[in-house]
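The structure file data-v4.cif is reproduced below (mmCIF, C-alpha atoms).
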```
data_protein
#
loop_
_atom_site.group_PDB
_atom_site.id
_atom_site.type_symbol
_atom_site.label_atom_id
_atom_site.label_comp_id
_atom_site.auth_asym_id
_atom_site.auth_seq_id
_atom_site.Cartn_x
_atom_site.Cartn_y
_atom_site.Cartn_z
ATOM 1 C CA MET A 704 0.000 0.000 0.000
ATOM 2 C CA ALA A 705 3.003 2.327 0.444
ATOM 3 C CA ASN A 706 2.968 3.094 -3.252
ATOM 4 C CA TYR A 707 -0.396 4.803 -2.944
ATOM 5 C CA SER A 708 0.425 7.061 -0.059
ATOM 6 C CA GLY A 709 1.964 9.923 -2.040
ATOM 7 C CA ASP A 710 0.592 13.416 -1.953
ATOM 8 C CA LEU A 711 -2.384 13.619 -4.279
ATOM 9 C CA ASP A 712 -1.779 17.348 -4.740
ATOM 10 C CA SER A 713 1.470 16.654 -6.533
ATOM 11 C CA VAL A 714 -0.234 14.060 -8.737
ATOM 12 C CA PHE A 715 -2.892 16.598 -9.694
ATOM 13 C CA HIS A 716 -0.209 19.171 -10.426
ATOM 14 C CA ALA A 717 1.664 16.684 -12.602
ATOM 15 C CA LEU A 718 -1.474 15.741 -14.545
ATOM 16 C CA ALA A 719 -2.495 19.371 -15.084
ATOM 17 C CA ASP A 720 0.159 19.880 -17.789
ATOM 18 C CA PRO A 721 -0.531 18.702 -21.383
ATOM 19 C CA THR A 722 3.105 17.782 -22.077
ATOM 20 C CA ARG A 723 3.260 15.612 -18.972
ATOM 21 C CA ARG A 724 -0.071 13.978 -19.785
ATOM 22 C CA ALA A 725 1.226 13.175 -23.278
ATOM 23 C CA VAL A 726 4.397 11.683 -21.790
ATOM 24 C CA LEU A 727 2.331 9.439 -19.501
ATOM 25 C CA GLN A 728 0.176 8.392 -22.431
ATOM 26 C CA ARG A 729 3.271 7.492 -24.455
ATOM 27 C CA LEU A 730 4.769 5.561 -21.533
ATOM 28 C CA GLY A 731 1.524 3.609 -21.298
ATOM 29 C CA LYS A 732 2.705 1.829 -24.444
ATOM 30 C CA GLY A 733 6.028 0.884 -22.862
ATOM 31 C CA PRO A 734 9.313 2.315 -21.583
ATOM 32 C CA ALA A 735 11.083 4.999 -23.646
ATOM 33 C CA THR A 736 14.276 7.008 -23.462
ATOM 34 C CA VAL A 737 14.172 10.704 -22.607
ATOM 35 C CA SER A 738 15.243 11.719 -26.128
ATOM 36 C CA GLU A 739 12.536 9.523 -27.699
ATOM 37 C CA LEU A 740 9.968 11.122 -25.404
ATOM 38 C CA ALA A 741 11.169 14.678 -26.022
ATOM 39 C CA GLU A 742 11.246 14.440 -29.816
ATOM 40 C CA PRO A 743 7.550 15.095 -30.648
ATOM 41 C CA PHE A 744 7.387 18.214 -28.468
ATOM 42 C CA GLY A 745 10.104 20.292 -30.129
ATOM 43 C CA ILE A 746 11.258 21.753 -26.821
ATOM 44 C CA GLY A 747 14.795 21.865 -25.472
ATOM 45 C CA LEU A 748 16.069 18.931 -23.469
ATOM 46 C CA PRO A 749 16.631 20.978 -20.272
ATOM 47 C CA THR A 750 12.960 22.102 -20.314
ATOM 48 C CA PHE A 751 11.809 18.599 -21.052
ATOM 49 C CA MET A 752 13.907 17.208 -18.195
ATOM 50 C CA LYS A 753 11.984 19.477 -15.817
ATOM 51 C CA HIS A 754 8.750 17.729 -16.842
ATOM 52 C CA VAL A 755 10.412 14.355 -16.334
ATOM 53 C CA GLY A 756 11.577 15.547 -12.909
ATOM 54 C CA VAL A 757 8.033 16.558 -11.887
ATOM 55 C CA LEU A 758 6.641 13.198 -12.986
ATOM 56 C CA GLU A 759 9.385 11.297 -11.213
ATOM 57 C CA SER A 760 8.969 13.244 -7.946
ATOM 58 C CA THR A 761 5.272 12.292 -7.782
ATOM 59 C CA GLY A 762 6.112 8.632 -8.260
ATOM 60 C CA LEU A 763 4.065 8.474 -11.457
ATOM 61 C CA ILE A 764 7.152 7.369 -13.399
ATOM 62 C CA ARG A 765 10.532 5.850 -12.627
ATOM 63 C CA THR A 766 13.741 6.502 -14.566
ATOM 64 C CA ARG A 767 16.945 4.534 -14.794
ATOM 65 C CA LYS A 768 20.231 5.487 -16.376
ATOM 66 C CA ARG A 769 22.524 3.216 -18.344
ATOM 67 C CA GLY A 770 25.598 5.014 -19.598
ATOM 68 C CA ARG A 771 24.345 8.229 -21.169
ATOM 69 C CA VAL A 772 20.826 6.943 -21.857
ATOM 70 C CA ARG A 773 18.009 7.613 -19.373
ATOM 71 C CA THR A 774 14.950 5.410 -19.759
ATOM 72 C CA CYS A 775 11.514 6.245 -18.294
ATOM 73 C CA LEU A 776 8.886 3.741 -17.140
ATOM 74 C CA LEU A 777 5.297 4.287 -16.083
ATOM 75 C CA GLU A 778 4.519 3.455 -12.458
ATOM 76 C CA ARG A 779 1.074 2.066 -13.174
ATOM 77 C CA ARG A 780 -0.126 1.393 -9.657
ATOM 78 C CA LYS A 781 0.321 4.988 -8.582
ATOM 79 C CA LEU A 782 -1.544 6.432 -11.537
ATOM 80 C CA ALA A 783 -4.238 3.817 -11.301
ATOM 81 C CA ALA A 784 -5.205 4.589 -7.702
ATOM 82 C CA ALA A 785 -6.449 8.132 -8.244
ATOM 83 C CA GLU A 786 -7.732 7.751 -11.788
ATOM 84 C CA ARG A 787 -9.573 4.540 -11.000
ATOM 85 C CA TRP A 788 -11.273 6.084 -8.005
ATOM 86 C CA PHE A 789 -12.618 8.966 -10.092
ATOM 87 C CA ASP A 790 -13.749 6.525 -12.789
ATOM 88 C CA GLU A 791 -15.587 4.497 -10.160
ATOM 89 C CA GLN A 792 -17.259 7.584 -8.770
ATOM 90 C CA ARG A 793 -18.421 8.533 -12.250
ATOM 91 C CA ALA A 794 -19.824 5.031 -12.848
ATOM 92 C CA ILE A 795 -21.707 5.153 -9.541
ATOM 93 C CA TRP A 796 -23.358 8.471 -10.373
ATOM 94 C CA ALA A 797 -24.192 7.374 -13.931
ATOM 95 C CA SER A 798 -25.880 4.227 -12.642
ATOM 96 C CA ARG A 799 -27.869 5.927 -9.912
ATOM 97 C CA PHE A 800 -29.082 8.548 -12.407
ATOM 98 C CA ASP A 801 -30.253 5.791 -14.761
ATOM 99 C CA ASN A 802 -32.278 4.431 -11.850
ATOM 100 C CA LEU A 803 -33.712 7.888 -11.218
ATOM 101 C CA ASP A 804 -34.690 8.289 -14.905
ATOM 102 C CA ASN A 805 -36.694 5.096 -14.647
ATOM 103 C CA LEU A 806 -38.306 6.081 -11.358
ATOM 104 C CA LEU A 807 -39.261 9.523 -12.694
ATOM 105 C CA GLU A 808 -40.786 7.922 -15.756
ATOM 106 C CA ARG A 809 -42.898 5.582 -13.608
ATOM 107 C CA LEU A 810 -43.989 8.428 -11.327
ATOM 108 C CA SER A 811 -44.911 10.675 -14.275
ATOM 109 C CA GLU A 812 -46.981 7.924 -15.846
ATOM 110 C CA SER A 813 -48.948 7.243 -12.677
ATOM 111 C CA ASP A 814 -49.434 11.009 -12.351
ATOM 112 C CA HIS A 815 -51.104 11.141 -15.766
ATOM 113 C CA GLU A 816 -53.388 8.213 -14.971
ATOM 114 C CA THR A 817 -54.911 9.885 -11.917
ATOM 115 C CA MET B 1424 -32.606 1.238 -19.439
ATOM 116 C CA THR B 1425 -29.676 3.452 -20.441
ATOM 117 C CA MET B 1426 -29.615 7.192 -20.068
ATOM 118 C CA LYS B 1427 -31.673 9.089 -22.573
ATOM 119 C CA PRO B 1428 -29.108 10.358 -25.068
ATOM 120 C CA ASP B 1429 -30.180 14.003 -24.961
ATOM 121 C CA LEU B 1430 -30.059 14.368 -21.175
ATOM 122 C CA ARG B 1431 -26.984 16.296 -20.112
ATOM 123 C CA PHE B 1432 -24.506 14.526 -17.813
ATOM 124 C CA ASP B 1433 -21.268 16.245 -16.710
ATOM 125 C CA PHE B 1434 -18.819 14.787 -14.231
ATOM 126 C CA VAL B 1435 -15.973 17.203 -13.571
ATOM 127 C CA VAL B 1436 -13.137 16.686 -11.119
ATOM 128 C CA ASP B 1437 -11.604 19.963 -9.970
ATOM 129 C CA LYS B 1438 -8.186 18.997 -8.797
ATOM 130 C CA THR B 1439 -7.210 22.258 -7.144
ATOM 131 C CA GLU B 1440 -10.529 22.687 -5.313
ATOM 132 C CA HIS B 1441 -10.709 18.998 -4.249
ATOM 133 C CA SER B 1442 -14.252 18.865 -5.538
ATOM 134 C CA ILE B 1443 -16.375 16.882 -7.926
ATOM 135 C CA THR B 1444 -19.191 18.638 -9.763
ATOM 136 C CA VAL B 1445 -21.902 16.400 -11.147
ATOM 137 C CA LYS B 1446 -24.597 17.882 -13.392
ATOM 138 C CA ARG B 1447 -27.496 15.867 -14.681
ATOM 139 C CA GLU B 1448 -30.682 16.799 -16.478
ATOM 140 C CA PHE B 1449 -33.928 14.899 -15.838
ATOM 141 C CA ALA B 1450 -37.063 14.742 -17.969
ATOM 142 C CA ALA B 1451 -39.377 15.694 -15.107
ATOM 143 C CA LYS B 1452 -40.662 18.701 -13.204
ATOM 144 C CA ARG B 1453 -38.542 20.138 -10.431
ATOM 145 C CA GLN B 1454 -40.991 19.241 -7.636
ATOM 146 C CA LEU B 1455 -40.981 15.582 -8.646
ATOM 147 C CA VAL B 1456 -37.171 15.411 -8.853
ATOM 148 C CA TRP B 1457 -36.931 17.171 -5.475
ATOM 149 C CA ASP B 1458 -39.274 14.578 -3.959
ATOM 150 C CA CYS B 1459 -37.081 11.756 -5.290
ATOM 151 C CA TYR B 1460 -34.065 13.263 -3.499
ATOM 152 C CA THR B 1461 -35.781 13.992 -0.221
ATOM 153 C CA LYS B 1462 -38.334 11.237 0.534
ATOM 154 C CA GLN B 1463 -37.092 7.911 1.835
ATOM 155 C CA GLU B 1464 -39.576 5.705 -0.029
ATOM 156 C CA LEU B 1465 -38.379 7.308 -3.293
ATOM 157 C CA LEU B 1466 -34.664 7.460 -2.406
ATOM 158 C CA ASP B 1467 -34.812 3.734 -1.703
ATOM 159 C CA GLN B 1468 -35.811 3.162 -5.320
ATOM 160 C CA TRP B 1469 -32.816 4.814 -7.002
ATOM 161 C CA PHE B 1470 -29.889 5.962 -4.851
ATOM 162 C CA ALA B 1471 -27.649 2.873 -4.893
ATOM 163 C CA PRO B 1472 -25.934 2.072 -8.203
ATOM 164 C CA LYS B 1473 -26.987 -1.177 -9.865
ATOM 165 C CA PRO B 1474 -26.946 -3.987 -8.909
ATOM 166 C CA LEU B 1475 -27.017 -2.698 -5.329
ATOM 167 C CA THR B 1476 -30.237 -1.669 -3.613
ATOM 168 C CA THR B 1477 -30.903 1.091 -1.084
ATOM 169 C CA ARG B 1478 -32.394 0.525 2.368
ATOM 170 C CA THR B 1479 -33.229 3.479 4.608
ATOM 171 C CA LYS B 1480 -32.947 2.967 8.347
ATOM 172 C CA HIS B 1481 -33.677 6.541 9.401
ATOM 173 C CA MET B 1482 -34.753 9.658 7.544
ATOM 174 C CA GLU B 1483 -35.493 13.079 8.921
ATOM 175 C CA PHE B 1484 -35.313 15.661 6.156
ATOM 176 C CA ARG B 1485 -34.855 18.936 8.031
ATOM 177 C CA GLY B 1486 -31.878 21.112 9.046
ATOM 178 C CA GLY B 1487 -30.089 19.147 11.784
ATOM 179 C CA GLY B 1488 -31.770 15.895 10.741
ATOM 180 C CA HIS B 1489 -30.114 13.043 8.885
ATOM 181 C CA TRP B 1490 -30.537 10.166 6.437
ATOM 182 C CA HIS B 1491 -29.017 6.834 7.494
ATOM 183 C CA TYR B 1492 -29.034 4.154 4.821
ATOM 184 C CA ALA B 1493 -27.320 1.067 3.485
ATOM 185 C CA MET B 1494 -26.383 0.170 -0.060
ATOM 186 C CA VAL B 1495 -26.733 -3.599 -0.287
ATOM 187 C CA THR B 1496 -25.064 -5.939 -2.788
ATOM 188 C CA PRO B 1497 -27.041 -8.871 -4.247
ATOM 189 C CA ASP B 1498 -25.141 -11.228 -1.894
ATOM 190 C CA GLY B 1499 -26.113 -9.151 1.133
ATOM 191 C CA GLN B 1500 -22.965 -7.115 1.791
ATOM 192 C CA GLU B 1501 -23.912 -3.728 3.282
ATOM 193 C CA PHE B 1502 -22.200 -0.362 2.835
ATOM 194 C CA TRP B 1503 -23.605 2.073 5.386
ATOM 195 C CA GLY B 1504 -23.723 5.810 4.847
ATOM 196 C CA ARG B 1505 -25.133 8.861 6.483
ATOM 197 C CA GLN B 1506 -25.994 12.363 5.328
ATOM 198 C CA ASP B 1507 -26.498 15.118 7.884
ATOM 199 C CA TYR B 1508 -28.682 17.916 6.549
ATOM 200 C CA GLN B 1509 -27.326 21.382 7.265
ATOM 201 C CA THR B 1510 -29.528 23.768 5.280
ATOM 202 C CA ILE B 1511 -32.636 23.095 3.224
ATOM 203 C CA ASN B 1512 -34.335 25.491 0.799
ATOM 204 C CA PRO B 1513 -37.297 23.692 -0.820
ATOM 205 C CA ILE B 1514 -37.264 23.191 -3.796
ATOM 206 C CA ASP B 1515 -34.054 25.040 -4.765
ATOM 207 C CA GLY B 1516 -31.481 22.954 -2.936
ATOM 208 C CA TYR B 1517 -29.932 21.572 0.213
ATOM 209 C CA VAL B 1518 -26.530 21.132 1.805
ATOM 210 C CA ALA B 1519 -25.558 17.925 3.595
ATOM 211 C CA LEU B 1520 -22.448 16.394 5.173
ATOM 212 C CA ASP B 1521 -21.768 12.958 3.733
ATOM 213 C CA ALA B 1522 -20.136 10.258 5.863
ATOM 214 C CA PHE B 1523 -19.275 6.595 6.002
ATOM 215 C CA SER B 1524 -21.037 5.044 8.978
ATOM 216 C CA ASP B 1525 -21.905 1.693 10.504
ATOM 217 C CA GLU B 1526 -25.243 -0.009 11.040
ATOM 218 C CA THR B 1527 -25.919 1.954 14.235
ATOM 219 C CA GLY B 1528 -25.436 5.257 12.415
ATOM 220 C CA ALA B 1529 -22.113 6.006 14.113
ATOM 221 C CA VAL B 1530 -19.928 8.037 11.750
ATOM 222 C CA ASN B 1531 -16.542 6.504 10.935
ATOM 223 C CA PRO B 1532 -14.139 9.040 12.510
ATOM 224 C CA GLU B 1533 -11.173 7.720 10.510
ATOM 225 C CA LEU B 1534 -12.608 8.905 7.239
ATOM 226 C CA PRO B 1535 -13.070 12.438 5.969
ATOM 227 C CA ARG B 1536 -16.527 13.779 5.284
ATOM 228 C CA ALA B 1537 -17.492 15.567 2.105
ATOM 229 C CA ARG B 1538 -19.940 18.444 1.821
ATOM 230 C CA TRP B 1539 -22.725 17.895 -0.704
ATOM 231 C CA ASP B 1540 -24.264 21.033 -2.173
ATOM 232 C CA VAL B 1541 -27.255 19.954 -4.238
ATOM 233 C CA GLY B 1542 -29.140 22.459 -6.421
ATOM 234 C CA PHE B 1543 -32.292 22.051 -8.510
ATOM 235 C CA THR B 1544 -32.841 24.299 -11.546
ATOM 236 C CA GLU B 1545 -35.977 24.388 -13.677
ATOM 237 C CA LEU B 1546 -35.318 24.105 -17.428
ATOM 238 C CA GLY B 1547 -38.799 24.260 -18.938
ATOM 239 C CA PRO B 1548 -40.264 20.770 -18.574
ATOM 240 C CA ARG B 1549 -36.919 19.465 -17.373
ATOM 241 C CA THR B 1550 -34.824 19.808 -14.240
ATOM 242 C CA LEU B 1551 -31.069 20.226 -13.896
ATOM 243 C CA VAL B 1552 -29.561 18.867 -10.700
ATOM 244 C CA THR B 1553 -26.095 20.136 -9.775
ATOM 245 C CA THR B 1554 -24.236 18.300 -7.036
ATOM 246 C CA ILE B 1555 -20.953 19.693 -5.756
ATOM 247 C CA VAL B 1556 -19.078 17.181 -3.624
ATOM 248 C CA LEU B 1557 -16.432 19.135 -1.720
ATOM 249 C CA TYR B 1558 -13.560 17.654 0.288
ATOM 250 C CA LYS B 1559 -11.498 19.752 2.700
ATOM 251 C CA SER B 1560 -8.170 18.910 1.063
ATOM 252 C CA ALA B 1561 -6.452 16.660 -1.462
ATOM 253 C CA ASP B 1562 -5.257 14.723 1.570
ATOM 254 C CA ASP B 1563 -8.865 13.912 2.453
ATOM 255 C CA VAL B 1564 -9.482 12.610 -1.071
ATOM 256 C CA GLN B 1565 -6.370 10.456 -0.770
ATOM 257 C CA LYS B 1566 -7.673 8.949 2.493
ATOM 258 C CA VAL B 1567 -10.927 7.932 0.837
ATOM 259 C CA ILE B 1568 -9.040 6.383 -2.081
ATOM 260 C CA ASP B 1569 -6.681 4.474 0.236
ATOM 261 C CA MET B 1570 -9.612 3.219 2.310
ATOM 262 C CA GLY B 1571 -11.248 1.854 -0.812
ATOM 263 C CA LEU B 1572 -8.071 -0.004 -1.727
ATOM 264 C CA GLU B 1573 -7.544 -1.389 1.762
ATOM 265 C CA ASN B 1574 -10.971 -2.680 2.691
ATOM 266 C CA GLY B 1575 -11.958 -4.228 -0.599
ATOM 267 C CA LEU B 1576 -14.571 -1.646 -1.518
ATOM 268 C CA ALA B 1577 -12.631 -0.809 -4.650
ATOM 269 C CA SER B 1578 -12.697 -4.398 -5.831
ATOM 270 C CA THR B 1579 -16.422 -4.594 -5.101
ATOM 271 C CA LEU B 1580 -16.900 -1.482 -7.183
ATOM 272 C CA GLU B 1581 -14.700 -2.865 -9.907
ATOM 273 C CA ARG B 1582 -16.899 -5.938 -10.162
ATOM 274 C CA LEU B 1583 -19.825 -3.583 -10.144
ATOM 275 C CA GLU B 1584 -18.341 -1.649 -13.032
ATOM 276 C CA GLU B 1585 -17.896 -4.869 -15.003
ATOM 277 C CA LEU B 1586 -21.527 -5.688 -14.352
ATOM 278 C CA LEU B 1587 -22.557 -2.230 -15.498
ATOM 279 C CA LEU B 1588 -20.584 -2.613 -18.688
ATOM 280 C CA THR B 1589 -22.304 -5.934 -19.363
ATOM 281 C CA MET B 1590 -25.692 -4.416 -18.746
ATOM 282 C CA HIS B 1591 -25.074 -1.484 -21.050
ATOM 283 C CA ALA B 1592 -23.624 -3.678 -23.798
#
```
Write-out of the structure in structure tokens:
Amino acid sequence: MANYSGDLDSVFHALADPTRRAVLQRLGKGPATVSELAEPFGIGLPTFMKHVGVLESTGLIRTRKRGRVRTCLLERRKLAAAERWFDEQRAIWASRFDNLDNLLERLSESDHET
Amino acid sequence: MTMKPDLRFDFVVDKTEHSITVKREFAAKRQLVWDCYTKQELLDQWFAPKPLTTRTKHMEFRGGGHWHYAMVTPDGQEFWGRQDYQTINPIDGYVALDAFSDETGAVNPELPRARWDVGFTELGPRTLVTTIVLYKSADDVQKVIDMGLENGLASTLERLEELLLTMHA
């Protein structure tokens, strides 16, 4: 459970940036080196490394260095905890509202009959 | 049984405000929708997500009163909750404090409570219900998430989600 105990604020901050969200999306397909990740954004490597640093400090990704190549990996469990919870909440509300639609329909019908 | 396609449904997580805003339109008059939110015999017919059912143990809809209920799985597992009503303005809206509780109605002190601000707006023959679920801090949200992971609620909900997907397919 220790993996989940990070500060949610920092996760939110990390996810608020489009570049960082795109990096996470790319890493969802598998590990990649920093230069591979940086390429589509057309921004300098020092700037890009700041984004990598933010993601790494939240525990959303891990990096490891071999020689001069730094590879990034997605830390799935961490990302999953918050995102999954919000998804679940959405599903709960959607389902209860479906129930309410049906109830309202029944109540309106019986209203018209009387 | 699925949502009517032209009824608005927004679910927005505001990460800096630690809040969730849920907006949903209903094809019914405001008074009727209000009744469904505030009368126990009607709440019991819709509040729990499928396939769970709702069972009210206590309901007193007035400022200072509370609703104590269980959401029950088909195999009989109960998730108890409690909403304490703070302010009520019929039929515009109400504010309640949401809590996890046990069967006796005792609020779980380990878990943060969220404030529910529920508003009802008339849109011609329809009604828009806006629910703002507000936590005190991101830390509070994290506690609720961790609790779900620790006590198996998350896995129950995951199975539930699978069931929902099957039903909507």
Exercise for the section: Would you mind listing what lies within 12 Å of stretch 801-811 of chain A as an MDAnalysis selection string, with only C-alpha atoms counted and same-chain residues fewer than 6 positions away left out? Expected result: (chainID A and resid 794:795 817) or (chainID B and resid 1424:1428 1430 1432 1447:1460 1464:1477 1548:1550 1552 1587 1590:1591)
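Using all atoms listed in the file, the shortest contact distance between chain A and any of B:Asp1429, B:Asp1507, B:Glu1526, B:Asp1562 is found at B:Asp1562.
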Handout entry: Best match for closeness to chain A among B:Val1567, B:Ile1514, B:Leu1534, B:Ala1561, counting all atoms listed in the file
Key = B:Ala1561
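Here atom CA of A:Gly756 stands at a distance of 23.9 Å from atom CA of A:Arg787.
A straight line drawn from atom CA of B:His1441 to atom CA of B:Gln1565 is 10.2 Å long.
For the pair atom CA of B:Asp1433 and atom CA of B:Ile1555, the separation is 11.5 Å.
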Handout entry: Test item: the PyMOL selection byres ((chain A and resi 740-742) around 12) resolved as a PyMOL selection string
Key = chain A and resi 722-730+732-739+743-755+773-776
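Once the PyMOL selection byres ((chain B and resi 1553) around 7) is applied to the shown structure, the selection contains Val1445, Lys1446, Arg1447, Val1541, Gly1542, Phe1543, Leu1551, Val1552, Thr1554 and Ile1555 of chain B.
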